[in-house]
Structure formats: structure tokens, C-alpha cells
2 protein chains.
Amino acid sequence: MRLSVAIFKKKNFIQAMGFVNQVALLAEKANHHPDIDIRWNKVKLTLSTHSAGGVTENDIELAKAIEKL
Amino acid sequence: MRLSVAIFKKKNFIQAMGFVNQVALLAEKANHHPDIDIRWNKVKLTLSTHSAGGVTENDIELAKAIEKL
């Protein structure tokens with residue numbers, strides 16, 4: 001299993017929740033759901049791929065979409 | 001520091017995110033923000049109180065409000 005972890009620091013909890021909801025919509029659309037850990041203004045996303053032995057097209061597309069937020 | 005942990009299992013990610021947003025609104029209103037860990041349909045909330053050496057009125061009110069969701 002491959003893991004990709006990214007931590008995003010926002011101004012406050014409101015901004016963090018806005019970001020989380022944007023990620024959630026992209027994740028649901030891609031049917032590929034990262035683990036999401038919220039610590040007030042910090043959001044940790046962990047994308048894991050259980051199949052295909054590594055990075056898939058799904059991972060890359062979702063990561064690119066999140067980077068554009 | 002006192003910790004209170006609760007895990008909520010929902011039908012799916014959409015239901016889990018709906019719950020997370022309800023909790024987020026209550027948390028922001030109470031100015032008391034739990035750690036929130038989302039694992040697809042499961043949501044773990046960790047409420048911690050750094051001050052007052054234990055449970056405060058804030059904890060009790062927020063926990064009651066979350067239980068009513």
C-alpha cells in the first residue's frame with residue numbers, strides 16, 4: 001500500500017472547514033476518499049491506494065484537483 | 001488534560017460529511033473545537049480541555065449538542 005500525506009495550514013477553523021468541504025466534494029466525485037484529520041486550522045490528508053501496487057490515475061487526478069484549490 | 005473520544009459510524013461518506021459540518025457549526029459557535037478524524041463513513045471526535053483541570057461547562061454543552069444531532 002502506498003501512502004501520500006499532505007498537511008494544509010489555514011487561517012482558522014472556518015477556513016479549514018471550507019477547504020475540507022472542497023476536498024470532500026472532489027473526493028466523492030472521484031470516488032476516492034482520503035483520510036481527513038482536522039486540528040483547528042490544520043488539515044492532514046492521507047491518500048492511500050490499496051490496489052494496483054502504487055499510484056493510480058485516480059490518485060494523480062485527485063491530488064492535482066486538490067492542489068488547485 | 002482530559003480527553004473525551006467518541007466514534008460515529010454513518011451510512012457513507014456523504015452522511016459522514018453532513019455530520020462533520022453539523023459538528024463544525026456547533027464547535028465554532030461554542031468556540032471549542034474537537035479534533036475531527038474522518039475515515040470514509042466513520043468520524044472520530046476528540047474533545048480535550050487544556051484548562052480547568054477537567055470537564056468544563058463548554059465541554060458539557062458541546063457534547064450535549066452533538067448528541068442531539
# chains A, B, ... in the order shown; residues from 1 in each chain; ligands from 1
call {"tool": "residues_around", "arguments": {"residues": "Phe13 of chain A", "least_positions_apart": "2", "cutoff": "10 Å", "atoms": "only C-alpha atoms", "output": "list in words"}}
result
Lys9, Lys10, Lys11, Gln15, Ala16, Met17, Gly18, Phe19, Ile38, Arg39, Trp40, Asn41, Lys42 and Val43 of chain A; Ala24, Ala27, Glu28, Asn31 and His33 of chain B
call {"tool": "calpha_fit_and_write", "arguments": {"fixed": "chain B", "moving": "chain A", "output": "PDB file with N, CA and C atoms, in the first residue's frame"}}
result
ATOM      1  N   MET A   1      -4.650  17.170  31.336  1.00  0.00           N
ATOM      2  CA  MET A   1      -5.591  17.333  30.226  1.00  0.00           C
ATOM      3  C   MET A   1      -6.550  16.143  30.176  1.00  0.00           C
ATOM      4  N   ARG A   2      -7.834  16.439  30.023  1.00  0.00           N
ATOM      5  CA  ARG A   2      -8.837  15.387  29.951  1.00  0.00           C
ATOM      6  C   ARG A   2      -9.270  15.207  28.501  1.00  0.00           C
ATOM      7  N   LEU A   3      -9.414  13.964  28.064  1.00  0.00           N
ATOM      8  CA  LEU A   3      -9.842  13.671  26.694  1.00  0.00           C
ATOM      9  C   LEU A   3     -11.171  12.920  26.709  1.00  0.00           C
ATOM     10  N   SER A   4     -12.061  13.320  25.807  1.00  0.00           N
ATOM     11  CA  SER A   4     -13.281  12.548  25.590  1.00  0.00           C
ATOM     12  C   SER A   4     -13.311  12.162  24.121  1.00  0.00           C
ATOM     13  N   VAL A   5     -13.408  10.859  23.854  1.00  0.00           N
ATOM     14  CA  VAL A   5     -13.377  10.384  22.474  1.00  0.00           C
ATOM     15  C   VAL A   5     -14.689   9.690  22.137  1.00  0.00           C
ATOM     16  N   ALA A   6     -15.227   9.990  20.958  1.00  0.00           N
ATOM     17  CA  ALA A   6     -16.430   9.305  20.496  1.00  0.00           C
ATOM     18  C   ALA A   6     -16.288   9.018  19.007  1.00  0.00           C
ATOM     19  N   ILE A   7     -16.716   7.825  18.605  1.00  0.00           N
ATOM     20  CA  ILE A   7     -16.678   7.456  17.182  1.00  0.00           C
ATOM     21  C   ILE A   7     -18.100   7.286  16.671  1.00  0.00           C
ATOM     22  N   PHE A   8     -18.400   7.939  15.574  1.00  0.00           N
ATOM     23  CA  PHE A   8     -19.733   7.894  14.974  1.00  0.00           C
ATOM     24  C   PHE A   8     -19.624   7.226  13.607  1.00  0.00           C
ATOM     25  N   LYS A   9     -20.447   6.189  13.388  1.00  0.00           N
ATOM     26  CA  LYS A   9     -20.426   5.479  12.111  1.00  0.00           C
ATOM     27  C   LYS A   9     -21.673   5.847  11.313  1.00  0.00           C
ATOM     28  N   LYS A  10     -21.477   6.372  10.140  1.00  0.00           N
ATOM     29  CA  LYS A  10     -22.588   6.779   9.283  1.00  0.00           C
ATOM     30  C   LYS A  10     -22.719   5.822   8.102  1.00  0.00           C
ATOM     31  N   LYS A  11     -23.757   6.061   7.276  1.00  0.00           N
ATOM     32  CA  LYS A  11     -24.037   5.160   6.157  1.00  0.00           C
ATOM     33  C   LYS A  11     -22.937   5.210   5.094  1.00  0.00           C
ATOM     34  N   ASN A  12     -22.442   6.397   4.856  1.00  0.00           N
ATOM     35  CA  ASN A  12     -21.435   6.570   3.805  1.00  0.00           C
ATOM     36  C   ASN A  12     -20.699   7.899   4.015  1.00  0.00           C
ATOM     37  N   PHE A  13     -19.818   8.236   3.099  1.00  0.00           N
ATOM     38  CA  PHE A  13     -19.006   9.449   3.215  1.00  0.00           C
ATOM     39  C   PHE A  13     -19.873  10.714   3.192  1.00  0.00           C
ATOM     40  N   ILE A  14     -20.900  10.712   2.368  1.00  0.00           N
ATOM     41  CA  ILE A  14     -21.779  11.887   2.278  1.00  0.00           C
ATOM     42  C   ILE A  14     -22.462  12.148   3.621  1.00  0.00           C
ATOM     43  N   GLN A  15     -22.975  11.089   4.233  1.00  0.00           N
ATOM     44  CA  GLN A  15     -23.615  11.228   5.542  1.00  0.00           C
ATOM     45  C   GLN A  15     -22.589  11.669   6.604  1.00  0.00           C
ATOM     46  N   ALA A  16     -21.395  11.104   6.521  1.00  0.00           N
ATOM     47  CA  ALA A  16     -20.343  11.467   7.486  1.00  0.00           C
ATOM     48  C   ALA A  16     -19.991  12.942   7.373  1.00  0.00           C
ATOM     49  N   MET A  17     -19.869  13.440   6.138  1.00  0.00           N
ATOM     50  CA  MET A  17     -19.513  14.852   5.944  1.00  0.00           C
ATOM     51  C   MET A  17     -20.656  15.768   6.414  1.00  0.00           C
ATOM     52  N   GLY A  18     -21.888  15.332   6.241  1.00  0.00           N
ATOM     53  CA  GLY A  18     -23.017  16.102   6.760  1.00  0.00           C
ATOM     54  C   GLY A  18     -22.924  16.249   8.275  1.00  0.00           C
ATOM     55  N   PHE A  19     -22.623  15.140   8.923  1.00  0.00           N
ATOM     56  CA  PHE A  19     -22.450  15.137  10.380  1.00  0.00           C
ATOM     57  C   PHE A  19     -21.284  16.032  10.794  1.00  0.00           C
ATOM     58  N   VAL A  20     -20.157  15.904  10.085  1.00  0.00           N
ATOM     59  CA  VAL A  20     -18.974  16.722  10.403  1.00  0.00           C
ATOM     60  C   VAL A  20     -19.307  18.208  10.313  1.00  0.00           C
ATOM     61  N   ASN A  21     -20.072  18.583   9.314  1.00  0.00           N
ATOM     62  CA  ASN A  21     -20.406  20.004   9.172  1.00  0.00           C
ATOM     63  C   ASN A  21     -21.348  20.480  10.276  1.00  0.00           C
ATOM     64  N   GLN A  22     -22.237  19.617  10.720  1.00  0.00           N
ATOM     65  CA  GLN A  22     -23.094  19.983  11.859  1.00  0.00           C
ATOM     66  C   GLN A  22     -22.251  20.182  13.116  1.00  0.00           C
ATOM     67  N   VAL A  23     -21.325  19.260  13.337  1.00  0.00           N
ATOM     68  CA  VAL A  23     -20.418  19.372  14.486  1.00  0.00           C
ATOM     69  C   VAL A  23     -19.582  20.656  14.372  1.00  0.00           C
ATOM     70  N   ALA A  24     -19.101  20.937  13.152  1.00  0.00           N
ATOM     71  CA  ALA A  24     -18.244  22.119  12.941  1.00  0.00           C
ATOM     72  C   ALA A  24     -18.983  23.411  13.293  1.00  0.00           C
ATOM     73  N   LEU A  25     -20.247  23.490  12.910  1.00  0.00           N
ATOM     74  CA  LEU A  25     -21.027  24.694  13.219  1.00  0.00           C
ATOM     75  C   LEU A  25     -21.226  24.851  14.721  1.00  0.00           C
ATOM     76  N   LEU A  26     -21.522  23.756  15.398  1.00  0.00           N
ATOM     77  CA  LEU A  26     -21.676  23.800  16.859  1.00  0.00           C
ATOM     78  C   LEU A  26     -20.355  24.159  17.534  1.00  0.00           C
ATOM     79  N   ALA A  27     -19.266  23.595  17.023  1.00  0.00           N
ATOM     80  CA  ALA A  27     -17.943  23.832  17.607  1.00  0.00           C
ATOM     81  C   ALA A  27     -17.540  25.298  17.458  1.00  0.00           C
ATOM     82  N   GLU A  28     -17.786  25.850  16.271  1.00  0.00           N
ATOM     83  CA  GLU A  28     -17.419  27.244  16.032  1.00  0.00           C
ATOM     84  C   GLU A  28     -18.260  28.172  16.921  1.00  0.00           C
ATOM     85  N   LYS A  29     -19.534  27.824  17.041  1.00  0.00           N
ATOM     86  CA  LYS A  29     -20.442  28.616  17.886  1.00  0.00           C
ATOM     87  C   LYS A  29     -19.971  28.599  19.341  1.00  0.00           C
ATOM     88  N   ALA A  30     -19.521  27.428  19.796  1.00  0.00           N
ATOM     89  CA  ALA A  30     -19.088  27.272  21.186  1.00  0.00           C
ATOM     90  C   ALA A  30     -17.632  27.722  21.380  1.00  0.00           C
ATOM     91  N   ASN A  31     -16.973  28.026  20.276  1.00  0.00           N
ATOM     92  CA  ASN A  31     -15.534  28.332  20.288  1.00  0.00           C
ATOM     93  C   ASN A  31     -14.746  27.252  21.041  1.00  0.00           C
ATOM     94  N   HIS A  32     -15.090  26.027  20.726  1.00  0.00           N
ATOM     95  CA  HIS A  32     -14.481  24.860  21.380  1.00  0.00           C
ATOM     96  C   HIS A  32     -14.437  23.768  20.311  1.00  0.00           C
ATOM     97  N   HIS A  33     -13.241  23.517  19.773  1.00  0.00           N
ATOM     98  CA  HIS A  33     -13.128  22.725  18.547  1.00  0.00           C
ATOM     99  C   HIS A  33     -12.544  21.341  18.803  1.00  0.00           C
ATOM    100  N   PRO A  34     -13.337  20.311  18.591  1.00  0.00           N
ATOM    101  CA  PRO A  34     -12.783  18.964  18.753  1.00  0.00           C
ATOM    102  C   PRO A  34     -11.819  18.632  17.614  1.00  0.00           C
ATOM    103  N   ASP A  35     -10.908  17.709  17.857  1.00  0.00           N
ATOM    104  CA  ASP A  35     -10.162  17.093  16.761  1.00  0.00           C
ATOM    105  C   ASP A  35     -11.150  16.210  16.006  1.00  0.00           C
ATOM    106  N   ILE A  36     -11.101  16.258  14.691  1.00  0.00           N
ATOM    107  CA  ILE A  36     -12.057  15.517  13.860  1.00  0.00           C
ATOM    108  C   ILE A  36     -11.282  14.643  12.880  1.00  0.00           C
ATOM    109  N   ASP A  37     -11.476  13.329  12.982  1.00  0.00           N
ATOM    110  CA  ASP A  37     -10.803  12.399  12.068  1.00  0.00           C
ATOM    111  C   ASP A  37     -11.858  11.679  11.231  1.00  0.00           C
ATOM    112  N   ILE A  38     -11.760  11.846   9.918  1.00  0.00           N
ATOM    113  CA  ILE A  38     -12.747  11.262   9.004  1.00  0.00           C
ATOM    114  C   ILE A  38     -12.128  10.082   8.264  1.00  0.00           C
ATOM    115  N   ARG A  39     -12.786   8.917   8.378  1.00  0.00           N
ATOM    116  CA  ARG A  39     -12.349   7.704   7.668  1.00  0.00           C
ATOM    117  C   ARG A  39     -13.555   7.168   6.892  1.00  0.00           C
ATOM    118  N   TRP A  40     -13.792   7.734   5.725  1.00  0.00           N
ATOM    119  CA  TRP A  40     -14.944   7.451   4.865  1.00  0.00           C
ATOM    120  C   TRP A  40     -16.262   7.607   5.646  1.00  0.00           C
ATOM    121  N   ASN A  41     -16.830   6.539   6.196  1.00  0.00           N
ATOM    122  CA  ASN A  41     -18.127   6.685   6.882  1.00  0.00           C
ATOM    123  C   ASN A  41     -17.990   6.823   8.397  1.00  0.00           C
ATOM    124  N   LYS A  42     -16.753   6.871   8.883  1.00  0.00           N
ATOM    125  CA  LYS A  42     -16.552   6.972  10.339  1.00  0.00           C
ATOM    126  C   LYS A  42     -15.930   8.318  10.722  1.00  0.00           C
ATOM    127  N   VAL A  43     -16.452   8.889  11.792  1.00  0.00           N
ATOM    128  CA  VAL A  43     -15.963  10.180  12.272  1.00  0.00           C
ATOM    129  C   VAL A  43     -15.577  10.035  13.744  1.00  0.00           C
ATOM    130  N   LYS A  44     -14.321  10.319  14.038  1.00  0.00           N
ATOM    131  CA  LYS A  44     -13.873  10.290  15.433  1.00  0.00           C
ATOM    132  C   LYS A  44     -13.736  11.719  15.938  1.00  0.00           C
ATOM    133  N   LEU A  45     -14.393  12.009  17.044  1.00  0.00           N
ATOM    134  CA  LEU A  45     -14.295  13.332  17.667  1.00  0.00           C
ATOM    135  C   LEU A  45     -13.535  13.200  18.975  1.00  0.00           C
ATOM    136  N   THR A  46     -12.549  14.053  19.166  1.00  0.00           N
ATOM    137  CA  THR A  46     -11.807  14.081  20.422  1.00  0.00           C
ATOM    138  C   THR A  46     -11.895  15.481  21.006  1.00  0.00           C
ATOM    139  N   LEU A  47     -12.564  15.564  22.123  1.00  0.00           N
ATOM    140  CA  LEU A  47     -12.690  16.840  22.831  1.00  0.00           C
ATOM    141  C   LEU A  47     -11.668  16.868  23.950  1.00  0.00           C
ATOM    142  N   SER A  48     -10.871  17.895  23.974  1.00  0.00           N
ATOM    143  CA  SER A  48      -9.905  17.999  25.061  1.00  0.00           C
ATOM    144  C   SER A  48     -10.030  19.339  25.749  1.00  0.00           C
ATOM    145  N   THR A  49      -9.810  19.299  27.020  1.00  0.00           N
ATOM    146  CA  THR A  49      -9.850  20.521  27.814  1.00  0.00           C
ATOM    147  C   THR A  49      -8.473  20.716  28.417  1.00  0.00           C
ATOM    148  N   HIS A  50      -7.825  21.804  28.015  1.00  0.00           N
ATOM    149  CA  HIS A  50      -6.458  22.047  28.473  1.00  0.00           C
ATOM    150  C   HIS A  50      -6.445  22.789  29.809  1.00  0.00           C
ATOM    151  N   SER A  51      -7.510  23.505  30.062  1.00  0.00           N
ATOM    152  CA  SER A  51      -7.543  24.309  31.285  1.00  0.00           C
ATOM    153  C   SER A  51      -8.544  23.719  32.274  1.00  0.00           C
ATOM    154  N   ALA A  52      -8.626  24.305  33.398  1.00  0.00           N
ATOM    155  CA  ALA A  52      -9.648  24.016  34.411  1.00  0.00           C
ATOM    156  C   ALA A  52      -9.551  22.608  34.996  1.00  0.00           C
ATOM    157  N   GLY A  53      -8.517  21.856  34.606  1.00  0.00           N
ATOM    158  CA  GLY A  53      -8.254  20.553  35.202  1.00  0.00           C
ATOM    159  C   GLY A  53      -9.354  19.526  35.025  1.00  0.00           C
ATOM    160  N   GLY A  54     -10.169  19.661  33.999  1.00  0.00           N
ATOM    161  CA  GLY A  54     -11.200  18.657  33.791  1.00  0.00           C
ATOM    162  C   GLY A  54     -12.336  19.181  32.938  1.00  0.00           C
ATOM    163  N   VAL A  55     -13.498  18.606  33.129  1.00  0.00           N
ATOM    164  CA  VAL A  55     -14.671  18.961  32.323  1.00  0.00           C
ATOM    165  C   VAL A  55     -15.132  20.379  32.659  1.00  0.00           C
ATOM    166  N   THR A  56     -15.416  21.130  31.629  1.00  0.00           N
ATOM    167  CA  THR A  56     -15.950  22.479  31.827  1.00  0.00           C
ATOM    168  C   THR A  56     -17.381  22.530  31.303  1.00  0.00           C
ATOM    169  N   GLU A  57     -18.043  23.621  31.595  1.00  0.00           N
ATOM    170  CA  GLU A  57     -19.405  23.857  31.093  1.00  0.00           C
ATOM    171  C   GLU A  57     -19.419  23.793  29.554  1.00  0.00           C
ATOM    172  N   ASN A  58     -18.353  24.334  28.945  1.00  0.00           N
ATOM    173  CA  ASN A  58     -18.213  24.300  27.480  1.00  0.00           C
ATOM    174  C   ASN A  58     -18.237  22.885  26.932  1.00  0.00           C
ATOM    175  N   ASP A  59     -17.492  21.988  27.575  1.00  0.00           N
ATOM    176  CA  ASP A  59     -17.449  20.580  27.141  1.00  0.00           C
ATOM    177  C   ASP A  59     -18.831  19.956  27.191  1.00  0.00           C
ATOM    178  N   ILE A  60     -19.489  20.159  28.319  1.00  0.00           N
ATOM    179  CA  ILE A  60     -20.789  19.527  28.538  1.00  0.00           C
ATOM    180  C   ILE A  60     -21.810  20.034  27.524  1.00  0.00           C
ATOM    181  N   GLU A  61     -21.818  21.346  27.310  1.00  0.00           N
ATOM    182  CA  GLU A  61     -22.781  21.917  26.357  1.00  0.00           C
ATOM    183  C   GLU A  61     -22.528  21.429  24.941  1.00  0.00           C
ATOM    184  N   LEU A  62     -21.261  21.380  24.547  1.00  0.00           N
ATOM    185  CA  LEU A  62     -20.949  20.943  23.178  1.00  0.00           C
ATOM    186  C   LEU A  62     -21.271  19.457  23.007  1.00  0.00           C
ATOM    187  N   ALA A  63     -20.934  18.650  24.000  1.00  0.00           N
ATOM    188  CA  ALA A  63     -21.218  17.209  23.933  1.00  0.00           C
ATOM    189  C   ALA A  63     -22.722  16.951  23.846  1.00  0.00           C
ATOM    190  N   LYS A  64     -23.485  17.695  24.629  1.00  0.00           N
ATOM    191  CA  LYS A  64     -24.953  17.538  24.583  1.00  0.00           C
ATOM    192  C   LYS A  64     -25.503  17.928  23.223  1.00  0.00           C
ATOM    193  N   ALA A  65     -24.979  19.007  22.665  1.00  0.00           N
ATOM    194  CA  ALA A  65     -25.453  19.476  21.361  1.00  0.00           C
ATOM    195  C   ALA A  65     -25.113  18.456  20.269  1.00  0.00           C
ATOM    196  N   ILE A  66     -23.934  17.847  20.356  1.00  0.00           N
ATOM    197  CA  ILE A  66     -23.531  16.839  19.363  1.00  0.00           C
ATOM    198  C   ILE A  66     -24.395  15.592  19.496  1.00  0.00           C
ATOM    199  N   GLU A  67     -24.699  15.208  20.737  1.00  0.00           N
ATOM    200  CA  GLU A  67     -25.552  14.027  20.962  1.00  0.00           C
ATOM    201  C   GLU A  67     -26.940  14.184  20.354  1.00  0.00           C
ATOM    202  N   LYS A  68     -27.402  15.424  20.284  1.00  0.00           N
ATOM    203  CA  LYS A  68     -28.752  15.675  19.749  1.00  0.00           C
ATOM    204  C   LYS A  68     -28.811  15.640  18.226  1.00  0.00           C
ATOM    205  N   LEU A  69     -27.666  15.587  17.554  1.00  0.00           N
ATOM    206  CA  LEU A  69     -27.660  15.623  16.078  1.00  0.00           C
ATOM    207  C   LEU A  69     -28.298  14.371  15.495  1.00  0.00           C
TER     208      LEU A  69
END
call {"tool": "select_by_dssp", "arguments": {"residues": "segment 3-42 of chain B", "states": "helix (DSSP H, G or I)", "output": "list in words"}}
result
Phe13, Ile14, Gln15, Ala16, Met17, Gly18, Phe19, Val20, Asn21, Gln22, Val23, Ala24, Leu25, Leu26, Ala27, Glu28, Lys29 and Ala30 of chain B
call {"tool": "select_by_dssp", "arguments": {"residues": "chain A", "states": "strand (DSSP E or B)", "output": "list of chain:residue names"}}
result
A:Arg2, A:Leu3, A:Ser4, A:Val5, A:Ala6, A:Ile7, A:Phe8, A:Lys9, A:Asp35, A:Ile36, A:Asp37, A:Ile38, A:Arg39, A:Lys42, A:Val43, A:Lys44, A:Leu45, A:Thr46, A:Leu47, A:Ser48, A:Thr49
call {"tool": "decode", "arguments": {"residues": "segment 24-45 of chain B", "atoms": "N, CA and C atoms", "output": "PDB file, in the first residue's frame"}}
result
ATOM      1  N   ALA B  24     -19.092  20.942  13.167  1.00  0.00           N
ATOM      2  CA  ALA B  24     -18.235  22.119  12.950  1.00  0.00           C
ATOM      3  C   ALA B  24     -18.975  23.413  13.306  1.00  0.00           C
ATOM      4  N   LEU B  25     -20.240  23.487  12.923  1.00  0.00           N
ATOM      5  CA  LEU B  25     -21.018  24.692  13.230  1.00  0.00           C
ATOM      6  C   LEU B  25     -21.213  24.856  14.735  1.00  0.00           C
ATOM      7  N   LEU B  26     -21.520  23.757  15.407  1.00  0.00           N
ATOM      8  CA  LEU B  26     -21.674  23.799  16.870  1.00  0.00           C
ATOM      9  C   LEU B  26     -20.355  24.160  17.540  1.00  0.00           C
ATOM     10  N   ALA B  27     -19.261  23.587  17.033  1.00  0.00           N
ATOM     11  CA  ALA B  27     -17.938  23.824  17.621  1.00  0.00           C
ATOM     12  C   ALA B  27     -17.536  25.292  17.480  1.00  0.00           C
ATOM     13  N   GLU B  28     -17.786  25.852  16.296  1.00  0.00           N
ATOM     14  CA  GLU B  28     -17.418  27.253  16.059  1.00  0.00           C
ATOM     15  C   GLU B  28     -18.261  28.179  16.935  1.00  0.00           C
ATOM     16  N   LYS B  29     -19.540  27.828  17.059  1.00  0.00           N
ATOM     17  CA  LYS B  29     -20.445  28.619  17.902  1.00  0.00           C
ATOM     18  C   LYS B  29     -19.974  28.605  19.362  1.00  0.00           C
ATOM     19  N   ALA B  30     -19.528  27.425  19.812  1.00  0.00           N
ATOM     20  CA  ALA B  30     -19.090  27.262  21.202  1.00  0.00           C
ATOM     21  C   ALA B  30     -17.645  27.713  21.389  1.00  0.00           C
ATOM     22  N   ASN B  31     -16.977  28.027  20.291  1.00  0.00           N
ATOM     23  CA  ASN B  31     -15.542  28.331  20.308  1.00  0.00           C
ATOM     24  C   ASN B  31     -14.755  27.251  21.054  1.00  0.00           C
ATOM     25  N   HIS B  32     -15.099  26.021  20.741  1.00  0.00           N
ATOM     26  CA  HIS B  32     -14.479  24.853  21.395  1.00  0.00           C
ATOM     27  C   HIS B  32     -14.434  23.765  20.327  1.00  0.00           C
ATOM     28  N   HIS B  33     -13.243  23.523  19.784  1.00  0.00           N
ATOM     29  CA  HIS B  33     -13.128  22.726  18.558  1.00  0.00           C
ATOM     30  C   HIS B  33     -12.543  21.344  18.815  1.00  0.00           C
ATOM     31  N   PRO B  34     -13.333  20.304  18.609  1.00  0.00           N
ATOM     32  CA  PRO B  34     -12.784  18.959  18.764  1.00  0.00           C
ATOM     33  C   PRO B  34     -11.822  18.624  17.628  1.00  0.00           C
ATOM     34  N   ASP B  35     -10.908  17.696  17.883  1.00  0.00           N
ATOM     35  CA  ASP B  35     -10.164  17.083  16.785  1.00  0.00           C
ATOM     36  C   ASP B  35     -11.152  16.201  16.029  1.00  0.00           C
ATOM     37  N   ILE B  36     -11.101  16.259  14.707  1.00  0.00           N
ATOM     38  CA  ILE B  36     -12.058  15.516  13.871  1.00  0.00           C
ATOM     39  C   ILE B  36     -11.278  14.645  12.895  1.00  0.00           C
ATOM     40  N   ASP B  37     -11.477  13.328  12.994  1.00  0.00           N
ATOM     41  CA  ASP B  37     -10.795  12.395  12.087  1.00  0.00           C
ATOM     42  C   ASP B  37     -11.842  11.679  11.243  1.00  0.00           C
ATOM     43  N   ILE B  38     -11.764  11.843   9.938  1.00  0.00           N
ATOM     44  CA  ILE B  38     -12.748  11.262   9.013  1.00  0.00           C
ATOM     45  C   ILE B  38     -12.124  10.081   8.275  1.00  0.00           C
ATOM     46  N   ARG B  39     -12.778   8.933   8.382  1.00  0.00           N
ATOM     47  CA  ARG B  39     -12.347   7.710   7.676  1.00  0.00           C
ATOM     48  C   ARG B  39     -13.546   7.179   6.890  1.00  0.00           C
ATOM     49  N   TRP B  40     -13.772   7.735   5.720  1.00  0.00           N
ATOM     50  CA  TRP B  40     -14.935   7.428   4.872  1.00  0.00           C
ATOM     51  C   TRP B  40     -16.244   7.614   5.648  1.00  0.00           C
ATOM     52  N   ASN B  41     -16.813   6.549   6.198  1.00  0.00           N
ATOM     53  CA  ASN B  41     -18.118   6.687   6.880  1.00  0.00           C
ATOM     54  C   ASN B  41     -17.993   6.826   8.400  1.00  0.00           C
ATOM     55  N   LYS B  42     -16.753   6.886   8.895  1.00  0.00           N
ATOM     56  CA  LYS B  42     -16.553   6.980  10.342  1.00  0.00           C
ATOM     57  C   LYS B  42     -15.938   8.321  10.732  1.00  0.00           C
ATOM     58  N   VAL B  43     -16.448   8.887  11.812  1.00  0.00           N
ATOM     59  CA  VAL B  43     -15.963  10.178  12.296  1.00  0.00           C
ATOM     60  C   VAL B  43     -15.579  10.039  13.759  1.00  0.00           C
ATOM     61  N   LYS B  44     -14.319  10.317  14.045  1.00  0.00           N
ATOM     62  CA  LYS B  44     -13.873  10.291  15.444  1.00  0.00           C
ATOM     63  C   LYS B  44     -13.736  11.720  15.949  1.00  0.00           C
ATOM     64  N   LEU B  45     -14.395  11.994  17.061  1.00  0.00           N
ATOM     65  CA  LEU B  45     -14.294  13.318  17.676  1.00  0.00           C
ATOM     66  C   LEU B  45     -13.535  13.196  18.987  1.00  0.00           C
TER      67      LEU B  45
END
